[in-house]
>>> print(open('entry-v3.cif').read())   # mmCIF, C-alpha atoms
data_my_file
loop_
_atom_site.label_atom_id
_atom_site.label_comp_id
_atom_site.auth_asym_id
_atom_site.auth_seq_id
_atom_site.Cartn_x
_atom_site.Cartn_y
_atom_site.Cartn_z
CA MET A 1 113.96 93.34 101.93
CA THR A 2 112.96 95.59 99.07
CA ASN A 3 110.75 98.59 98.45
CA LEU A 4 107.28 98.68 96.94
CA LYS A 5 108.37 100.33 93.69
CA LYS A 6 110.57 97.38 92.76
CA VAL A 7 107.77 94.89 93.35
CA LEU A 8 105.23 97.04 91.51
CA ASP A 9 107.58 97.33 88.54
CA TYR A 10 107.75 93.53 88.51
CA ALA A 11 103.94 93.28 88.65
CA VAL A 12 103.56 95.75 85.77
CA CYS A 13 106.13 93.85 83.68
CA LYS A 14 104.37 90.50 84.27
CA ASN A 15 100.85 92.03 84.14
CA ILE A 16 99.98 90.41 87.46
CA GLY A 17 98.88 91.66 90.87
CA ILE A 18 100.56 91.64 94.27
CA ILE A 19 98.99 91.28 97.69
CA GLY A 20 99.42 93.56 100.66
CA PHE A 21 98.99 91.09 103.54
CA VAL A 22 97.54 92.81 106.60
CA VAL A 23 99.50 91.57 109.61
CA HIS A 24 98.37 91.32 113.23
CA GLY A 25 101.07 89.16 114.78
CA TRP A 26 104.11 86.94 114.39
CA GLU A 27 102.29 83.78 113.29
CA ASP A 28 100.29 85.33 110.46
CA ALA A 29 103.27 87.39 109.23
CA ARG A 30 105.41 84.25 109.11
CA ALA A 31 102.65 82.36 107.27
CA PHE A 32 102.47 85.06 104.60
CA VAL A 33 106.24 85.11 104.05
CA LYS A 34 106.28 81.31 103.78
CA ALA A 35 103.48 81.51 101.21
CA GLY A 36 105.62 83.86 99.13
CA ILE A 37 108.38 81.25 99.21
CA ASP A 38 105.89 78.51 98.26
CA VAL A 39 104.78 80.39 95.14
CA SER A 40 108.16 82.05 94.40
CA GLU A 41 106.56 85.49 94.32
CA PRO A 42 107.23 88.78 96.13
CA ILE A 43 104.90 89.83 98.91
CA VAL A 44 104.05 92.88 100.98
CA ILE A 45 103.59 92.55 104.74
CA GLN A 46 101.69 95.49 106.21
CA ALA A 47 101.44 97.01 109.68
CA GLY A 48 98.22 98.99 109.90
CA PRO A 49 96.80 101.09 112.76
CA LEU A 50 95.28 98.13 114.66
CA CYS A 51 98.50 96.16 114.42
CA ARG A 52 100.52 99.14 115.64
CA ARG A 53 98.10 99.68 118.51
CA HIS A 54 98.81 96.13 119.67
CA THR A 55 102.55 95.96 118.93
CA PRO A 56 104.98 98.93 118.86
CA LEU A 57 106.73 99.83 115.60
CA THR A 58 110.06 99.20 117.29
CA VAL A 59 109.05 95.54 117.72
CA LEU A 60 107.30 95.23 114.35
CA GLY A 61 110.34 96.56 112.50
CA LYS A 62 112.62 93.90 113.98
CA MET A 63 110.03 91.19 113.39
CA PHE A 64 109.45 92.17 109.75
CA ARG A 65 113.19 92.46 109.07
CA CYS A 66 113.82 89.03 110.55
CA LEU A 67 111.19 87.43 108.32
CA ALA A 68 112.38 89.25 105.20
CA GLU A 69 116.02 88.34 105.76
CA GLU A 70 115.12 84.65 106.08
CA SER A 71 113.15 84.65 102.80
CA ASN A 72 114.58 83.94 99.36
CA GLN A 73 111.83 86.12 97.81
CA ASP A 74 111.40 89.89 97.85
CA VAL A 75 109.50 91.12 100.88
CA VAL A 76 108.23 94.69 101.23
CA LEU A 77 107.99 96.04 104.78
CA HIS A 78 105.00 98.36 104.51
CA LEU A 79 103.54 100.90 106.93
CA ASP A 80 99.82 101.17 106.18
CA HIS A 81 97.50 104.13 106.84
CA ALA A 82 100.01 106.46 108.47
CA THR A 83 98.56 109.90 109.09
CA ASP A 84 101.49 111.81 110.61
CA ILE A 85 105.16 112.41 109.91
CA LYS A 86 106.35 111.09 113.29
CA THR A 87 104.90 107.63 112.66
CA CYS A 88 106.41 107.55 109.17
CA LYS A 89 109.83 108.58 110.47
CA THR A 90 109.77 105.97 113.22
CA ALA A 91 108.86 103.24 110.73
CA LEU A 92 111.65 104.25 108.35
CA ASP A 93 114.18 104.27 111.19
CA GLU A 94 113.01 100.77 112.15
CA GLY A 95 113.65 99.44 108.64
CA PHE A 96 110.31 99.74 106.88
CA THR A 97 110.83 100.01 103.13
CA SER A 98 107.45 101.42 102.14
CA ILE A 99 105.10 104.04 103.55
CA MET A 100 101.41 104.54 102.85
CA TYR A 101 100.53 108.09 103.80
CA ASP A 102 96.77 108.42 104.24
CA GLY A 103 95.57 111.97 103.70
CA SER A 104 92.23 110.83 102.33
CA ARG A 105 90.23 112.59 105.07
CA LEU A 106 91.88 115.93 104.28
CA LYS A 107 90.98 118.46 101.64
CA LEU A 108 92.96 118.03 98.44
CA SER A 109 95.41 120.89 99.04
CA ASP A 110 96.35 119.58 102.50
CA ASN A 111 96.69 116.02 101.22
CA ILE A 112 99.07 117.30 98.53
CA LYS A 113 101.07 119.40 100.98
CA ASN A 114 101.55 116.53 103.43
CA THR A 115 102.29 113.99 100.72
CA ILE A 116 105.09 116.21 99.43
CA LYS A 117 106.58 116.30 102.95
CA ILE A 118 106.43 112.51 103.26
CA SER A 119 107.93 112.12 99.78
CA LYS A 120 110.97 114.13 100.86
CA LEU A 121 111.14 112.10 104.08
CA VAL A 122 111.27 108.66 102.40
CA GLU A 123 113.82 109.61 99.74
CA PRO A 124 117.03 109.19 101.81
CA TYR A 125 115.83 105.76 102.96
CA ASN A 126 115.20 104.53 99.39
CA ALA A 127 111.68 103.74 100.54
CA SER A 128 108.51 103.85 98.45
CA LEU A 129 105.45 105.99 98.93
CA GLU A 130 101.78 105.10 98.46
CA ALA A 131 99.11 107.80 98.81
CA GLU A 132 95.30 107.77 98.74
CA LEU A 133 92.70 109.89 96.97
CA GLY A 134 89.02 109.52 97.65
CA TYR A 135 88.09 107.77 100.86
CA VAL A 136 87.73 104.02 101.34
CA GLY A 137 85.14 103.64 104.09
CA TYR A 138 84.31 100.83 106.48
CA THR A 139 81.50 98.31 106.50
CA GLY A 140 79.08 99.45 109.19
CA GLY A 141 81.00 102.70 109.63
CA GLU A 142 82.14 105.69 107.61
CA GLN A 143 80.88 105.77 104.05
CA CYS A 144 83.14 105.79 100.99
CA THR A 145 83.90 108.89 98.95
CA PRO A 146 84.75 107.90 95.35
CA THR A 147 88.06 109.03 93.90
CA ASN A 148 87.65 112.02 91.61
CA ALA A 149 89.62 111.68 88.36
CA CYS A 150 90.18 115.46 88.15
CA ASP A 151 91.68 115.39 91.65
CA VAL A 152 93.97 112.57 90.55
CA LYS A 153 95.33 114.72 87.73
CA THR A 154 95.99 117.63 90.08
CA PHE A 155 97.45 115.43 92.81
CA LEU A 156 99.89 113.59 90.54
CA SER A 157 101.05 116.79 88.87
CA GLU A 158 102.24 118.12 92.24
CA THR A 159 103.45 115.01 94.09
CA ASP A 160 105.97 112.23 93.54
CA ILE A 161 104.50 108.87 94.61
CA ASP A 162 104.95 105.23 93.60
CA ALA A 163 101.36 104.00 94.00
CA LEU A 164 97.91 105.51 94.38
CA ALA A 165 95.13 103.95 96.47
CA VAL A 166 91.69 104.64 95.01
CA SER A 167 88.07 104.37 96.09
CA VAL A 168 86.07 102.71 93.31
CA GLY A 169 83.51 100.61 95.18
CA ASN A 170 85.93 98.86 97.54
CA THR A 171 85.26 99.00 101.30
CA HIS A 172 87.31 98.06 104.37
CA LEU A 173 86.16 95.15 106.56
CA GLN A 174 83.73 93.71 104.00
CA GLU A 175 83.05 90.07 104.90
CA ASN A 176 81.60 88.97 101.57
CA SER A 177 82.93 89.34 98.02
CA LYS A 178 80.08 91.46 96.68
CA ALA A 179 81.72 94.84 96.14
CA LYS A 180 80.39 96.59 93.04
CA ILE A 181 83.40 98.04 91.31
CA ASP A 182 82.86 101.30 89.42
CA TYR A 183 84.76 100.40 86.27
CA LEU A 184 83.69 103.60 84.55
CA ASN A 185 85.43 105.67 87.21
CA LEU A 186 88.40 103.30 87.20
CA LYS A 187 88.74 103.84 83.45
CA ARG A 188 88.63 107.62 83.94
CA ILE A 189 91.43 107.38 86.49
CA ARG A 190 93.45 105.05 84.29
CA LYS A 191 93.26 107.45 81.34
CA ILE A 192 94.97 110.10 83.45
CA THR A 193 97.88 108.05 84.78
CA SER A 194 99.91 104.89 84.33
CA ILE A 195 100.99 104.87 87.98
CA PRO A 196 100.15 101.53 89.69
CA LEU A 197 96.82 101.67 91.50
CA VAL A 198 95.98 100.09 94.85
CA VAL A 199 92.67 98.89 96.26
CA HIS A 200 92.21 98.66 100.01
CA GLY A 201 89.45 96.36 101.25
CA ALA A 202 90.16 93.74 98.58
CA SER A 203 88.61 91.03 100.77
CA GLY A 204 85.27 92.35 99.55
CA ILE A 205 86.22 92.04 95.88
CA SER A 206 85.48 88.83 93.99
CA ARG A 207 88.27 86.75 92.43
CA SER A 208 86.98 87.55 88.95
CA ASP A 209 86.93 91.30 89.65
CA ARG A 210 90.45 91.17 91.08
CA LYS A 211 91.70 89.51 87.92
CA LYS A 212 89.88 92.00 85.71
CA MET A 213 91.32 94.88 87.70
CA PHE A 214 94.96 93.78 87.55
CA THR A 215 94.94 92.56 83.95
CA SER A 216 93.00 95.42 82.35
CA HIS A 217 92.67 98.41 84.69
CA GLY A 218 96.06 99.09 86.21
CA VAL A 219 95.33 97.91 89.76
CA LYS A 220 98.50 96.18 90.90
CA LYS A 221 98.23 95.95 94.69
CA PHE A 222 95.35 94.41 96.60
CA ASN A 223 95.24 94.82 100.38
CA ILE A 224 93.72 91.76 102.02
CA GLY A 225 92.98 91.55 105.73
CA THR A 226 89.42 90.52 106.61
CA GLU A 227 89.52 87.43 104.39
CA LEU A 228 92.65 86.25 106.19
CA ARG A 229 91.38 87.09 109.67
CA ARG A 230 88.28 85.03 108.98
CA ALA A 231 90.46 82.12 107.90
CA PHE A 232 92.56 82.57 111.06
CA GLY A 233 89.47 82.51 113.29
CA LYS A 234 88.00 79.48 111.51
CA SER A 235 91.25 77.56 111.92
CA ILE A 236 91.46 78.33 115.65
CA ARG A 237 87.89 77.07 116.20
CA ASN A 238 88.51 73.89 114.24
CA THR A 239 91.84 73.25 115.94
CA LEU A 240 90.36 73.62 119.43
CA LYS A 241 87.33 71.54 118.50
CA LYS A 242 89.58 68.68 117.40
CA ASN A 243 91.84 69.07 120.45
CA ILE A 244 89.51 70.08 123.25
CA ASP A 245 92.11 69.45 125.98
CA GLU A 246 94.94 71.32 124.28
CA TYR A 247 96.08 74.45 126.10
CA ASP A 248 99.58 74.96 124.70
CA ARG A 249 99.56 78.20 122.72
CA LEU A 250 102.49 77.15 120.53
CA LYS A 251 100.87 73.88 119.52
CA ILE A 252 97.56 75.59 118.77
CA PHE A 253 99.14 78.28 116.64
CA GLN A 254 101.37 75.79 114.83
CA ALA A 255 98.25 74.27 113.26
CA VAL A 256 96.64 77.67 112.65
CA GLU A 257 99.75 79.06 110.97
CA LYS A 258 99.85 76.09 108.60
CA ASP A 259 96.20 76.66 107.61
CA LEU A 260 96.77 80.38 107.08
CA GLN A 261 99.83 79.71 104.95
CA ALA A 262 97.71 77.47 102.71
CA VAL A 263 95.10 80.21 102.25
CA ALA A 264 97.77 82.81 101.50
CA THR A 265 99.41 80.46 98.98
CA VAL A 266 96.12 80.13 97.08
CA LEU A 267 95.67 83.90 97.02
CA LEU A 268 99.19 84.42 95.69
CA THR A 269 98.73 81.71 93.08
CA GLU A 270 95.59 83.44 91.80
CA ILE A 271 97.03 86.93 91.77
CA SER A 272 100.23 85.82 90.01
CA GLN A 273 98.28 83.69 87.52
CA LYS A 274 100.31 80.59 88.32
CA GLN A 275 99.11 76.99 88.26
CA MET A 276 99.03 75.11 91.55
#
>>> encode(input="entry-v3.cif", output="structure tokens")
Amino acid sequence: MTNLKKVLDYAVCKNIGIIGFVVHGWEDARAFVKAGIDVSEPIVIQAGPLCRRHTPLTVLGKMFRCLAEESNQDVVLHLDHATDIKTCKTALDEGFTSIMYDGSRLKLSDNIKNTIKISKLVEPYNASLEAELGYVGYTGGEQCTPTNACDVKTFLSETDIDALAVSVGNTHLQENSKAKIDYLNLKRIRKITSIPLVVHGASGISRSDRKKMFTSHGVKKFNIGTELRRAFGKSIRNTLKKNIDEYDRLKIFQAVEKDLQAVATVLLTEISQKQM
């Protein structure tokens, strides 16, 4: 187990990216950790709001710790899109090593005030802190609000964070890779700070844009969920189609987990610029 800062420092040193794998259950989390072992690269496993709605943090903490302790690679235990101190505190007490506080819906002054509180909270745990400026919307839902470079300057002058999530054309739940990245705005943000940047909704970003963003524009963490959920669903359908009489959950998910691990391994190979 390690914190996000350590892994981001490694990514900056190697000029590569890292992936924040969005987790929904035991099988996909285990597949992602195995993929990290396959490629010999650190990974981030993330528990977002939907995951936490399905499985309590008290269970997720134990599950994540178990997987990290069995890995020979660095694994970050990351709480994603937390909006209140209580949730952050619970996650830290359960062993999470990284917190993403999401104050993106708040006015700037309130986002700053709350981020300062969370920063003080994580310090005794040696945990990392990711914050968000601008608002990354949802396909078919709330629209994005681009990150304002002037706000970034103000925010970073008053807070102490390890990574900053930005809204530069990325969108949550995008099922195709056709996001139009605003590189002009990304350059404005990059001129202001050298802090590692994060893009949520990276499933909607093409492979070529991801590479451009981590090699030349300071984006070091890419959160990927929809792309992996689609692979998970496709594998289940194919597995059941080939085994129409199979009803054993463990046998079904054994095949699905293997397929998901293969997809995650490819993603890690691309983002770490390794040869398969």
>>> resolve_selection(input="entry-v3.cif", expression="the PyMOL selection byres ((chain A and resi 11) around 12)", output="PyMOL selection string")
chain A and resi 4-10+12-19+41-43+195-197+214-215+218-222+271-273
>>> closest_atom_pairs(input="entry-v3.cif", of="segment 79-153 of chain A", to="segment 166-171 of chain A", cutoff="6 Å", atoms="only C-alpha atoms", output="tab-separated table")
residue	atom	partner	partner_atom	distance
A:Leu133	CA	A:Val166	CA	5.7
A:Gly134	CA	A:Ser167	CA	5.5
A:Tyr135	CA	A:Ser167	CA	5.9
A:Val136	CA	A:Ser167	CA	5.3
A:Gly137	CA	A:Thr171	CA	5.4
A:Tyr138	CA	A:Thr171	CA	5.6
A:Pro146	CA	A:Ser167	CA	4.9
A:Thr147	CA	A:Ser167	CA	5.1
>>> closest_residue(input="entry-v3.cif", among="A:Leu108, A:Asp102, A:Asp162, A:Ser157", to="Val122 of chain A", atoms="only C-alpha atoms")
A:Asp162
>>> closest_residue(input="entry-v3.cif", among="A:Ile244, A:Leu121, A:Ala29, A:Ile205", to="Phe232 of chain A", atoms="all atoms listed in the file")
A:Ala29
>>> atom_distance(input="entry-v3.cif", atom1="atom CA of Glu69 of chain A", atom2="atom CA of Ala31 of chain A")
14.7 Å
>>> residues_around(input="entry-v3.cif", residues="segment 80-85 of chain A", least_positions_apart="5", cutoff="6 Å", atoms="all atoms listed in the file", output="list in words")
Gln46, Ala47, Gly48, Met100, Tyr101 and Asp102 of chain A
>>> closest_residue(input="entry-v3.cif", among="A:Leu186, A:Asp93, A:Thr87, A:Glu158", to="Asp110 of chain A", atoms="only C-alpha atoms")
A:Glu158
>>> residues_around(input="entry-v3.cif", residues="segment 118-120 of chain A", least_positions_apart="6", cutoff="8 Å", atoms="all atoms listed in the file", output="list in words")
Ile85, Cys88, Tyr101, Leu129, Thr159, Asp160 and Ile161 of chain A
>>> build_atoms(input="entry-v3.cif", residues="segment 217-228 of chain A", atoms="all heavy atoms", output="PDB file, in the frame of the given file")
ATOM      1  N   HIS A 217      92.984  97.080  84.174  1.00  0.00           N
ATOM      2  CA  HIS A 217      92.670  98.410  84.690  1.00  0.00           C
ATOM      3  C   HIS A 217      93.751  99.023  85.572  1.00  0.00           C
ATOM      4  O   HIS A 217      93.496 100.012  86.265  1.00  0.00           O
ATOM      5  CB  HIS A 217      91.341  98.360  85.457  1.00  0.00           C
ATOM      6  CG  HIS A 217      90.168  98.033  84.580  1.00  0.00           C
ATOM      7  ND1 HIS A 217      89.523  98.980  83.822  1.00  0.00           N
ATOM      8  CD2 HIS A 217      89.558  96.859  84.305  1.00  0.00           C
ATOM      9  CE1 HIS A 217      88.539  98.416  83.132  1.00  0.00           C
ATOM     10  NE2 HIS A 217      88.544  97.129  83.404  1.00  0.00           N
ATOM     11  N   GLY A 218      94.929  98.457  85.559  1.00  0.00           N
ATOM     12  CA  GLY A 218      96.060  99.090  86.210  1.00  0.00           C
ATOM     13  C   GLY A 218      96.135  98.959  87.720  1.00  0.00           C
ATOM     14  O   GLY A 218      96.992  99.586  88.358  1.00  0.00           O
ATOM     15  N   VAL A 219      95.246  98.149  88.321  1.00  0.00           N
ATOM     16  CA  VAL A 219      95.330  97.910  89.760  1.00  0.00           C
ATOM     17  C   VAL A 219      96.378  96.826  89.987  1.00  0.00           C
ATOM     18  O   VAL A 219      96.238  95.711  89.472  1.00  0.00           O
ATOM     19  CB  VAL A 219      93.980  97.491  90.362  1.00  0.00           C
ATOM     20  CG1 VAL A 219      94.137  97.190  91.851  1.00  0.00           C
ATOM     21  CG2 VAL A 219      92.941  98.589  90.150  1.00  0.00           C
ATOM     22  N   LYS A 220      97.404  97.128  90.734  1.00  0.00           N
ATOM     23  CA  LYS A 220      98.500  96.180  90.900  1.00  0.00           C
ATOM     24  C   LYS A 220      98.683  95.684  92.333  1.00  0.00           C
ATOM     25  O   LYS A 220      99.374  94.694  92.558  1.00  0.00           O
ATOM     26  CB  LYS A 220      99.814  96.810  90.403  1.00  0.00           C
ATOM     27  CG  LYS A 220      99.836  97.017  88.897  1.00  0.00           C
ATOM     28  CD  LYS A 220      99.634  95.691  88.157  1.00  0.00           C
ATOM     29  CE  LYS A 220      99.472  95.853  86.673  1.00  0.00           C
ATOM     30  NZ  LYS A 220      99.143  94.576  86.016  1.00  0.00           N
ATOM     31  N   LYS A 221      98.094  96.382  93.288  1.00  0.00           N
ATOM     32  CA  LYS A 221      98.230  95.950  94.690  1.00  0.00           C
ATOM     33  C   LYS A 221      96.857  95.841  95.315  1.00  0.00           C
ATOM     34  O   LYS A 221      96.034  96.763  95.219  1.00  0.00           O
ATOM     35  CB  LYS A 221      99.095  96.952  95.466  1.00  0.00           C
ATOM     36  CG  LYS A 221      99.271  96.646  96.957  1.00  0.00           C
ATOM     37  CD  LYS A 221     100.372  97.535  97.548  1.00  0.00           C
ATOM     38  CE  LYS A 221     100.478  97.410  99.059  1.00  0.00           C
ATOM     39  NZ  LYS A 221      99.577  98.369  99.745  1.00  0.00           N
ATOM     40  N   PHE A 222      96.625  94.695  95.944  1.00  0.00           N
ATOM     41  CA  PHE A 222      95.350  94.410  96.600  1.00  0.00           C
ATOM     42  C   PHE A 222      95.606  94.147  98.072  1.00  0.00           C
ATOM     43  O   PHE A 222      96.283  93.186  98.425  1.00  0.00           O
ATOM     44  CB  PHE A 222      94.692  93.182  95.959  1.00  0.00           C
ATOM     45  CG  PHE A 222      94.324  93.352  94.510  1.00  0.00           C
ATOM     46  CD1 PHE A 222      95.289  93.207  93.520  1.00  0.00           C
ATOM     47  CD2 PHE A 222      93.034  93.664  94.128  1.00  0.00           C
ATOM     48  CE1 PHE A 222      94.968  93.369  92.174  1.00  0.00           C
ATOM     49  CE2 PHE A 222      92.696  93.827  92.790  1.00  0.00           C
ATOM     50  CZ  PHE A 222      93.671  93.678  91.810  1.00  0.00           C
ATOM     51  N   ASN A 223      95.077  95.012  98.945  1.00  0.00           N
ATOM     52  CA  ASN A 223      95.240  94.820 100.380  1.00  0.00           C
ATOM     53  C   ASN A 223      94.182  93.860 100.900  1.00  0.00           C
ATOM     54  O   ASN A 223      92.981  94.107 100.739  1.00  0.00           O
ATOM     55  CB  ASN A 223      95.122  96.154 101.114  1.00  0.00           C
ATOM     56  CG  ASN A 223      96.301  97.066 100.861  1.00  0.00           C
ATOM     57  OD1 ASN A 223      97.200  96.749 100.095  1.00  0.00           O
ATOM     58  ND2 ASN A 223      96.302  98.218 101.518  1.00  0.00           N
ATOM     59  N   ILE A 224      94.638  92.785 101.525  1.00  0.00           N
ATOM     60  CA  ILE A 224      93.720  91.760 102.020  1.00  0.00           C
ATOM     61  C   ILE A 224      93.944  91.534 103.506  1.00  0.00           C
ATOM     62  O   ILE A 224      95.054  91.184 103.934  1.00  0.00           O
ATOM     63  CB  ILE A 224      93.883  90.440 101.229  1.00  0.00           C
ATOM     64  CG1 ILE A 224      93.523  90.673  99.757  1.00  0.00           C
ATOM     65  CG2 ILE A 224      93.018  89.336 101.833  1.00  0.00           C
ATOM     66  CD1 ILE A 224      93.632  89.434  98.880  1.00  0.00           C
ATOM     67  N   GLY A 225      92.899  91.741 104.291  1.00  0.00           N
ATOM     68  CA  GLY A 225      92.980  91.550 105.730  1.00  0.00           C
ATOM     69  C   GLY A 225      91.824  90.724 106.264  1.00  0.00           C
ATOM     70  O   GLY A 225      92.016  89.663 106.861  1.00  0.00           O
ATOM     71  N   THR A 226      90.597  91.191 106.044  1.00  0.00           N
ATOM     72  CA  THR A 226      89.420  90.520 106.610  1.00  0.00           C
ATOM     73  C   THR A 226      89.323  89.068 106.168  1.00  0.00           C
ATOM     74  O   THR A 226      89.029  88.181 106.980  1.00  0.00           O
ATOM     75  CB  THR A 226      88.139  91.282 106.203  1.00  0.00           C
ATOM     76  OG1 THR A 226      88.233  92.631 106.671  1.00  0.00           O
ATOM     77  CG2 THR A 226      86.907  90.632 106.789  1.00  0.00           C
ATOM     78  N   GLU A 227      89.574  88.802 104.916  1.00  0.00           N
ATOM     79  CA  GLU A 227      89.520  87.430 104.390  1.00  0.00           C
ATOM     80  C   GLU A 227      90.483  86.519 105.143  1.00  0.00           C
ATOM     81  O   GLU A 227      90.166  85.360 105.447  1.00  0.00           O
ATOM     82  CB  GLU A 227      89.863  87.462 102.901  1.00  0.00           C
ATOM     83  CG  GLU A 227      89.728  86.143 102.185  1.00  0.00           C
ATOM     84  CD  GLU A 227      89.907  86.283 100.680  1.00  0.00           C
ATOM     85  OE1 GLU A 227      89.840  87.414 100.157  1.00  0.00           O
ATOM     86  OE2 GLU A 227      90.118  85.243 100.026  1.00  0.00           O
ATOM     87  N   LEU A 228      91.647  87.041 105.479  1.00  0.00           N
ATOM     88  CA  LEU A 228      92.650  86.250 106.190  1.00  0.00           C
ATOM     89  C   LEU A 228      92.329  86.129 107.669  1.00  0.00           C
ATOM     90  O   LEU A 228      92.552  85.081 108.278  1.00  0.00           O
ATOM     91  CB  LEU A 228      94.029  86.891 105.989  1.00  0.00           C
ATOM     92  CG  LEU A 228      94.537  86.833 104.541  1.00  0.00           C
ATOM     93  CD1 LEU A 228      95.635  87.858 104.309  1.00  0.00           C
ATOM     94  CD2 LEU A 228      95.023  85.431 104.203  1.00  0.00           C
TER      95      LEU A 228
END
